[in-house]
>>> print(open('input01.txt').read())   # compact mmCIF, C-alpha atoms
# COMPACT_ATOMS: atom_id res chain seq x y z
CA MET N 1 -2.44 35.47 2.08
CA ARG N 2 -4.29 33.51 -0.59
CA PHE N 3 -5.18 29.82 -0.55
CA LEU N 4 -6.31 29.36 -4.14
CA GLY N 5 -6.08 25.59 -3.80
CA LEU N 6 -8.86 25.72 -1.22
CA ALA N 7 -11.26 27.34 -3.67
CA VAL N 8 -10.75 24.73 -6.37
CA ALA N 9 -11.25 21.96 -3.86
CA PHE N 10 -14.49 23.22 -2.47
CA THR N 11 -16.17 23.18 -5.60
CA GLY N 12 -18.35 18.55 -12.22
CA VAL N 13 -21.53 15.62 -16.91
CA LEU N 14 -21.60 12.44 -18.75
CA ALA N 15 -24.60 10.25 -19.52
CA LEU N 16 -24.09 7.82 -16.69
CA PRO N 17 -26.63 5.18 -15.78
CA ALA N 18 -28.68 6.09 -12.72
CA SER N 19 -27.53 2.93 -10.96
CA ALA N 20 -23.94 4.22 -11.06
CA LEU N 21 -24.87 7.17 -8.86
CA THR N 22 -25.24 5.64 -5.43
CA LEU N 23 -26.56 8.07 -2.83
CA PRO N 24 -25.58 7.89 0.85
CA SER N 25 -28.10 5.86 2.82
CA ASN N 26 -28.59 8.63 5.42
CA GLY N 27 -28.96 11.36 2.78
CA GLN N 28 -25.87 13.32 3.71
CA LEU N 29 -22.08 13.46 3.95
CA SER N 30 -20.39 15.89 6.36
CA PHE N 31 -16.70 16.73 6.77
CA ASP N 32 -14.41 18.71 9.03
CA VAL N 33 -11.89 20.74 7.01
CA VAL N 34 -8.48 20.49 8.70
CA ARG N 35 -5.26 22.41 8.01
CA LYS N 36 -2.08 22.19 10.10
CA GLY N 37 -3.97 20.14 12.68
CA LYS N 38 -6.66 22.77 13.16
CA ASP N 39 -10.33 22.57 12.21
CA ILE N 40 -10.86 25.52 9.84
CA GLY N 41 -14.41 24.81 8.72
CA ASP N 42 -17.04 22.46 7.40
CA HIS N 43 -17.99 20.90 4.08
CA SER N 44 -21.25 19.01 3.53
CA TYR N 45 -23.54 17.38 0.99
CA LYS N 46 -27.28 16.91 1.47
CA PHE N 47 -29.22 14.64 -0.89
CA SER N 48 -32.96 14.63 -1.53
CA GLY N 49 -35.02 12.48 -3.89
CA HIS N 50 -34.07 9.04 -5.18
CA GLU N 51 -31.35 7.71 -7.48
CA ALA N 52 -33.38 8.33 -10.67
CA ALA N 53 -34.10 11.98 -9.76
CA PHE N 54 -32.33 13.79 -6.95
CA THR N 55 -30.81 17.05 -5.77
CA VAL N 56 -27.44 17.56 -4.08
CA ARG N 57 -26.88 20.64 -1.93
CA VAL N 58 -23.21 21.37 -1.31
CA SER N 59 -22.06 23.79 1.38
CA THR N 60 -18.60 24.92 2.41
CA ASP N 61 -17.66 27.41 5.12
CA VAL N 62 -13.92 27.87 5.76
CA GLU N 63 -11.99 30.48 7.69
CA VAL N 64 -8.21 30.49 8.14
CA LYS N 65 -7.03 32.69 11.00
CA VAL N 66 -3.58 34.09 11.75
CA PRO N 67 -2.31 32.51 15.00
CA LEU N 68 -2.16 34.71 18.11
CA ILE N 69 -3.89 37.78 16.68
CA ARG N 70 -6.82 35.69 15.39
CA THR N 71 -7.24 37.86 12.29
CA THR N 72 -8.84 36.15 9.31
CA ALA N 73 -6.18 35.43 6.66
CA TYR N 74 -8.55 33.73 4.24
CA SER N 75 -12.24 32.88 4.05
CA PHE N 76 -14.22 30.79 1.61
CA ARG N 77 -17.97 30.24 1.46
CA HIS N 78 -19.62 28.20 -1.25
CA SER N 79 -23.09 26.81 -1.80
CA SER N 80 -24.34 24.92 -4.82
CA VAL N 81 -27.33 22.88 -5.93
CA GLU N 82 -26.98 20.04 -8.43
CA THR N 83 -30.15 18.65 -10.01
CA TRP N 84 -29.84 15.14 -11.48
CA LYS N 85 -32.24 12.99 -13.51
CA ASP N 86 -31.61 9.52 -14.97
CA GLY N 87 -27.89 9.76 -14.21
CA LYS N 88 -27.44 13.11 -15.95
CA LEU N 89 -26.81 16.53 -14.48
CA GLN N 90 -29.75 18.75 -15.42
CA ASN N 91 -28.65 21.96 -13.76
CA LEU N 92 -26.00 23.33 -11.44
CA LYS N 93 -26.31 26.65 -9.61
CA SER N 94 -23.68 28.00 -7.24
CA LYS N 95 -22.71 31.09 -5.28
CA THR N 96 -19.22 31.57 -3.93
CA ASP N 97 -17.42 34.16 -1.82
CA ASP N 98 -13.71 33.45 -2.31
CA ASP N 99 -12.07 35.74 0.24
CA GLY N 100 -14.30 38.66 -0.76
CA GLU N 101 -14.40 37.84 -4.48
CA PRO N 102 -17.96 36.87 -5.50
CA HIS N 103 -18.82 34.24 -8.11
CA ALA N 104 -22.17 33.00 -9.39
CA LEU N 105 -22.85 30.13 -11.79
CA SER N 106 -25.90 28.61 -13.45
CA THR N 107 -25.20 25.94 -16.04
CA THR N 108 -26.29 22.64 -17.53
CA SER N 109 -24.13 19.66 -18.44
CA LYS N 110 -20.92 20.48 -20.31
CA GLY N 111 -19.95 16.87 -20.97
CA ALA N 112 -17.99 16.64 -17.72
CA LEU N 113 -18.91 15.61 -14.20
CA PRO N 114 -19.03 18.40 -11.61
CA ALA N 115 -15.90 18.61 -9.43
CA SER N 116 -17.99 18.34 -6.28
CA LEU N 117 -16.26 14.97 -5.62
CA TRP N 118 -19.11 13.28 -3.72
CA ASN N 119 -19.29 10.13 -5.89
CA ASP N 120 -16.50 7.93 -7.24
CA ASP N 121 -17.83 8.13 -10.81
CA ILE N 122 -15.41 11.03 -11.29
CA VAL N 123 -12.44 8.63 -11.31
CA ARG N 124 -13.80 6.97 -14.46
CA VAL N 125 -14.01 10.12 -16.59
CA GLY N 126 -11.32 12.37 -18.02
CA LYS N 127 -12.95 15.76 -17.45
CA LEU N 128 -14.36 17.69 -14.51
CA MET N 129 -16.32 20.93 -14.38
CA ASN N 130 -15.38 23.53 -11.78
CA THR N 131 -18.50 24.29 -9.75
CA ILE N 132 -17.41 27.90 -9.12
CA ASP N 133 -16.85 29.17 -12.66
CA GLY N 134 -18.04 26.30 -14.91
CA LYS N 135 -14.67 25.74 -16.59
CA VAL N 136 -14.02 22.19 -17.81
CA VAL N 137 -10.56 20.73 -17.18
CA ASN N 138 -8.86 17.49 -18.17
CA ILE N 139 -7.74 15.17 -15.39
CA ARG N 140 -5.65 12.03 -14.99
CA VAL N 141 -6.47 9.43 -12.34
CA ALA N 142 -4.04 7.08 -10.57
CA ASP N 143 -5.56 4.10 -8.74
CA LEU N 144 -3.57 3.71 -5.50
CA GLY N 145 -5.55 0.74 -4.21
CA LYS N 146 -7.43 -0.08 -1.04
CA GLU N 147 -6.51 1.41 2.32
CA ARG N 148 -7.99 2.00 5.74
CA VAL N 149 -8.59 5.67 6.49
CA GLN N 150 -9.48 7.56 9.63
CA VAL N 151 -12.89 9.18 9.85
CA LYS N 152 -14.62 10.59 12.94
CA GLY N 153 -16.09 7.21 13.86
CA GLY N 154 -12.82 5.27 13.51
CA GLN N 155 -11.16 3.59 10.56
CA ILE N 156 -13.01 2.43 7.46
CA ALA N 157 -12.04 0.54 4.29
CA ALA N 158 -11.63 2.90 1.35
CA HIS N 159 -10.24 3.08 -2.18
CA HIS N 160 -7.53 5.70 -2.77
CA TYR N 161 -7.26 7.66 -6.04
CA ARG N 162 -4.98 10.53 -7.02
CA LEU N 163 -6.22 13.17 -9.47
CA SER N 164 -3.76 15.27 -11.44
CA GLY N 165 -3.90 17.67 -14.35
CA GLY N 166 -6.61 20.31 -14.03
CA VAL N 167 -7.47 19.16 -10.47
CA GLU N 168 -4.87 17.94 -7.96
CA ARG N 169 -6.49 15.86 -5.20
CA ASP N 170 -6.09 12.65 -3.23
CA LEU N 171 -9.53 11.08 -2.80
CA TRP N 172 -10.73 8.12 -0.77
CA TYR N 173 -14.14 6.52 -1.38
CA ASP N 174 -15.85 4.02 0.90
CA GLU N 175 -17.17 0.63 -0.21
CA ASN N 176 -20.42 2.28 -1.38
CA GLY N 177 -18.58 4.75 -3.62
CA ASN N 178 -19.22 7.74 -1.34
CA LEU N 179 -16.52 10.26 -0.48
CA ALA N 180 -14.70 9.38 2.74
CA ARG N 181 -11.67 11.68 2.73
CA VAL N 182 -9.91 14.34 0.63
CA ALA N 183 -6.36 15.72 0.84
CA PHE N 184 -4.66 18.40 -1.24
CA LYS N 185 -1.88 20.97 -1.08
CA ALA N 186 -2.89 24.63 -0.70
CA ASP N 187 -0.95 27.41 -2.40
CA ASP N 188 1.14 28.00 0.72
CA GLY N 189 2.28 24.35 0.73
CA SER N 190 0.12 23.29 3.69
CA ILE N 191 -1.99 20.13 3.42
CA VAL N 192 -5.76 20.53 3.71
CA THR N 193 -7.80 17.44 4.58
CA TYR N 194 -11.52 16.74 4.63
CA ILE N 195 -12.25 14.23 7.38
CA ARG N 196 -15.71 12.66 7.25
CA LYS N 197 -17.76 13.06 10.40
>>> encode(input="input01.txt", output="structure tokens")
Amino acid sequence: MRFLGLAVAFTGVLALPASALTLPSNGQLSFDVVRKGKDIGDHSYKFSGHEAAFTVRVSTDVEVKVPLIRTTAYSFRHSSVETWKDGKLQNLKSKTDDDGEPHALSTTSKGALPASLWNDDIVRVGKLMNTIDGKVVNIRVADLGKERVQVKGGQIAAHHYRLSGGVERDLWYDENGNLARVAFKADDGSIVTYIRK
């Protein structure tokens, strides 16, 4: 059983001003990955440096098991490092194991933000770069307004956007522009959600 939608999700660069890239105050964002009410893994971002020059380390570890027999139906492991300076992506390196299929990427800016989703700047551009294979895709963004969303610590105010086109995602960003929640449909029709810890 394949969950191709998971791979695209777990994985974008324009000359943006450094002030537009607001980093989380505690230097990290961590999420539980939930499918059909079950925690199937973790997704995290770790930031080092300052807004003018920083590094983002992205890590995803997901395993979908078949109920009862507990056999692994799908696994996905991804790690990437984004190096930013003065609001521009300098370099992106990633390694991915998509259910036994290996991928490696080392690239510079391709005129599109990386599809790592951590900052709401992606909703103001029309292209994203896949962080697994480096392909650039066109996206459309629908602004669905402000909502309250559930995170591990309770409900928070967030802004809801829907991406379509080359990437299909519902994204919620908190008042600081940091990722608060993600939802998308996997290939089998199930809904996968990132819930911020």
>>> residues_around(input="input01.txt", residues="Leu29 of chain N", least_positions_apart="2", cutoff="8 Å", atoms="all atoms listed in the file", output="ChimeraX atom specification")
/N:24,27,31,44-46,179,196-197
>>> residues_around(input="input01.txt", residues="Gly100 of chain N", least_positions_apart="2", cutoff="10 Å", atoms="all atoms listed in the file", output="list in words")
Tyr74, Ser75, Phe76, Arg77, Thr96, Asp97, Asp98, Pro102 and His103 of chain N
>>> closest_atom_pairs(input="input01.txt", of="segment 58-85 of chain N", to="segment 115-139 of chain N", cutoff="9 Å", atoms="all atoms listed in the file", output="tab-separated table")
residue	atom	partner	partner_atom	distance
N:Val58	CA	N:Ser116	CA	7.8
N:His78	CA	N:Ile132	CA	8.2
N:Ser80	CA	N:Thr131	CA	7.7
>>> closest_residue(input="input01.txt", among="N:Asp187, N:Glu51, N:Asp42, N:Glu63", to="Leu21 of chain N", atoms="only C-alpha atoms")
N:Glu51
>>> closest_residue(input="input01.txt", among="N:Asp86, N:Ser79, N:Asp61, N:Gly37", to="Asp99 of chain N", atoms="all atoms listed in the file")
N:Asp61
>>> atom_distance(input="input01.txt", atom1="atom CA of Lys36 of chain N", atom2="atom CA of Val192 of chain N")
7.6 Å
>>> closest_residue(input="input01.txt", among="N:Arg169, N:His43, N:Lys38, N:His50", to="Val66 of chain N", atoms="only C-alpha atoms")
N:Lys38
>>> residues_near_point(input="input01.txt", point="(-12.9, 10.7, 13.8)", cutoff="12 Å", atoms="all atoms listed in the file", output="ChimeraX atom specification")
/N:30-32,34,149-156,180-181,194-197
>>> write_last_selection(input="input01.txt", atoms="C-alpha atoms", output="PDB file, keeping the file's coordinate frame")
ATOM      1  CA  SER N  30     -20.390  15.890   6.360  1.00  0.00           C
ATOM      2  CA  PHE N  31     -16.700  16.730   6.770  1.00  0.00           C
ATOM      3  CA  ASP N  32     -14.410  18.710   9.030  1.00  0.00           C
ATOM      4  CA  VAL N  34      -8.480  20.490   8.700  1.00  0.00           C
ATOM      5  CA  VAL N 149      -8.590   5.670   6.490  1.00  0.00           C
ATOM      6  CA  GLN N 150      -9.480   7.560   9.630  1.00  0.00           C
ATOM      7  CA  VAL N 151     -12.890   9.180   9.850  1.00  0.00           C
ATOM      8  CA  LYS N 152     -14.620  10.590  12.940  1.00  0.00           C
ATOM      9  CA  GLY N 153     -16.090   7.210  13.860  1.00  0.00           C
ATOM     10  CA  GLY N 154     -12.820   5.270  13.510  1.00  0.00           C
ATOM     11  CA  GLN N 155     -11.160   3.590  10.560  1.00  0.00           C
ATOM     12  CA  ILE N 156     -13.010   2.430   7.460  1.00  0.00           C
ATOM     13  CA  ALA N 180     -14.700   9.380   2.740  1.00  0.00           C
ATOM     14  CA  ARG N 181     -11.670  11.680   2.730  1.00  0.00           C
ATOM     15  CA  TYR N 194     -11.520  16.740   4.630  1.00  0.00           C
ATOM     16  CA  ILE N 195     -12.250  14.230   7.380  1.00  0.00           C
ATOM     17  CA  ARG N 196     -15.710  12.660   7.250  1.00  0.00           C
ATOM     18  CA  LYS N 197     -17.760  13.060  10.400  1.00  0.00           C
TER      19      LYS N 197
END
>>> atom_distance(input="input01.txt", atom1="atom CA of Lys93 of chain N", atom2="atom CA of Leu105 of chain N")
5.4 Å
>>> atom_distance(input="input01.txt", atom1="atom CA of Ile191 of chain N", atom2="atom CA of Leu171 of chain N")
13.3 Å
>>> closest_residue(input="input01.txt", among="N:Leu23, N:Val81, N:Val33, N:Leu92", to="Thr107 of chain N", atoms="only C-alpha atoms")
N:Leu92
>>> build_atoms(input="input01.txt", residues="segment 103-116 of chain N", atoms="N, CA, C and O atoms", output="mmCIF file, in the coordinates of the input")
data_model
loop_
_atom_site.group_PDB
_atom_site.id
_atom_site.type_symbol
_atom_site.label_atom_id
_atom_site.label_comp_id
_atom_site.auth_asym_id
_atom_site.auth_seq_id
_atom_site.Cartn_x
_atom_site.Cartn_y
_atom_site.Cartn_z
ATOM 1 N N HIS N 103 -18.613 35.002 -6.882
ATOM 2 C CA HIS N 103 -18.820 34.240 -8.110
ATOM 3 C C HIS N 103 -20.236 33.699 -8.096
ATOM 4 O O HIS N 103 -20.743 33.320 -7.043
ATOM 5 N N ALA N 104 -20.856 33.624 -9.258
ATOM 6 C CA ALA N 104 -22.170 33.000 -9.390
ATOM 7 C C ALA N 104 -22.180 32.194 -10.678
ATOM 8 O O ALA N 104 -21.593 32.600 -11.682
ATOM 9 N N LEU N 105 -22.824 31.034 -10.646
ATOM 10 C CA LEU N 105 -22.850 30.130 -11.790
ATOM 11 C C LEU N 105 -24.212 29.491 -11.922
ATOM 12 O O LEU N 105 -24.817 29.090 -10.924
ATOM 13 N N SER N 106 -24.709 29.403 -13.138
ATOM 14 C CA SER N 106 -25.900 28.610 -13.450
ATOM 15 C C SER N 106 -25.636 27.960 -14.792
ATOM 16 O O SER N 106 -25.451 28.649 -15.796
ATOM 17 N N THR N 107 -25.580 26.622 -14.820
ATOM 18 C CA THR N 107 -25.200 25.940 -16.040
ATOM 19 C C THR N 107 -25.862 24.567 -16.119
ATOM 20 O O THR N 107 -26.369 24.041 -15.140
ATOM 21 N N THR N 108 -25.843 24.017 -17.307
ATOM 22 C CA THR N 108 -26.290 22.640 -17.530
ATOM 23 C C THR N 108 -25.047 21.795 -17.777
ATOM 24 O O THR N 108 -23.923 22.274 -17.642
ATOM 25 N N SER N 109 -25.247 20.561 -18.168
ATOM 26 C CA SER N 109 -24.130 19.660 -18.440
ATOM 27 C C SER N 109 -23.213 20.218 -19.516
ATOM 28 O O SER N 109 -23.650 20.746 -20.516
ATOM 29 N N LYS N 110 -21.910 20.078 -19.304
ATOM 30 C CA LYS N 110 -20.920 20.480 -20.310
ATOM 31 C C LYS N 110 -20.101 19.269 -20.739
ATOM 32 O O LYS N 110 -18.975 19.414 -21.182
ATOM 33 N N GLY N 111 -20.664 18.080 -20.590
ATOM 34 C CA GLY N 111 -19.950 16.870 -20.970
ATOM 35 C C GLY N 111 -18.868 16.472 -19.995
ATOM 36 O O GLY N 111 -17.954 15.724 -20.332
ATOM 37 N N ALA N 112 -18.963 16.979 -18.765
ATOM 38 C CA ALA N 112 -17.990 16.640 -17.720
ATOM 39 C C ALA N 112 -18.722 16.566 -16.389
ATOM 40 O O ALA N 112 -19.671 17.305 -16.153
ATOM 41 N N LEU N 113 -18.297 15.681 -15.528
ATOM 42 C CA LEU N 113 -18.910 15.610 -14.200
ATOM 43 C C LEU N 113 -18.516 16.823 -13.371
ATOM 44 O O LEU N 113 -17.409 17.344 -13.515
ATOM 45 N N PRO N 114 -19.399 17.277 -12.482
ATOM 46 C CA PRO N 114 -19.030 18.400 -11.610
ATOM 47 C C PRO N 114 -17.937 17.982 -10.628
ATOM 48 O O PRO N 114 -17.923 16.852 -10.149
ATOM 49 N N ALA N 115 -17.033 18.889 -10.336
ATOM 50 C CA ALA N 115 -15.900 18.610 -9.430
ATOM 51 C C ALA N 115 -16.309 18.726 -7.974
ATOM 52 O O ALA N 115 -15.532 19.155 -7.136
ATOM 53 N N SER N 116 -17.525 18.322 -7.663
ATOM 54 C CA SER N 116 -17.990 18.340 -6.280
ATOM 55 C C SER N 116 -17.522 17.107 -5.505
ATOM 56 O O SER N 116 -17.637 17.072 -4.282
#
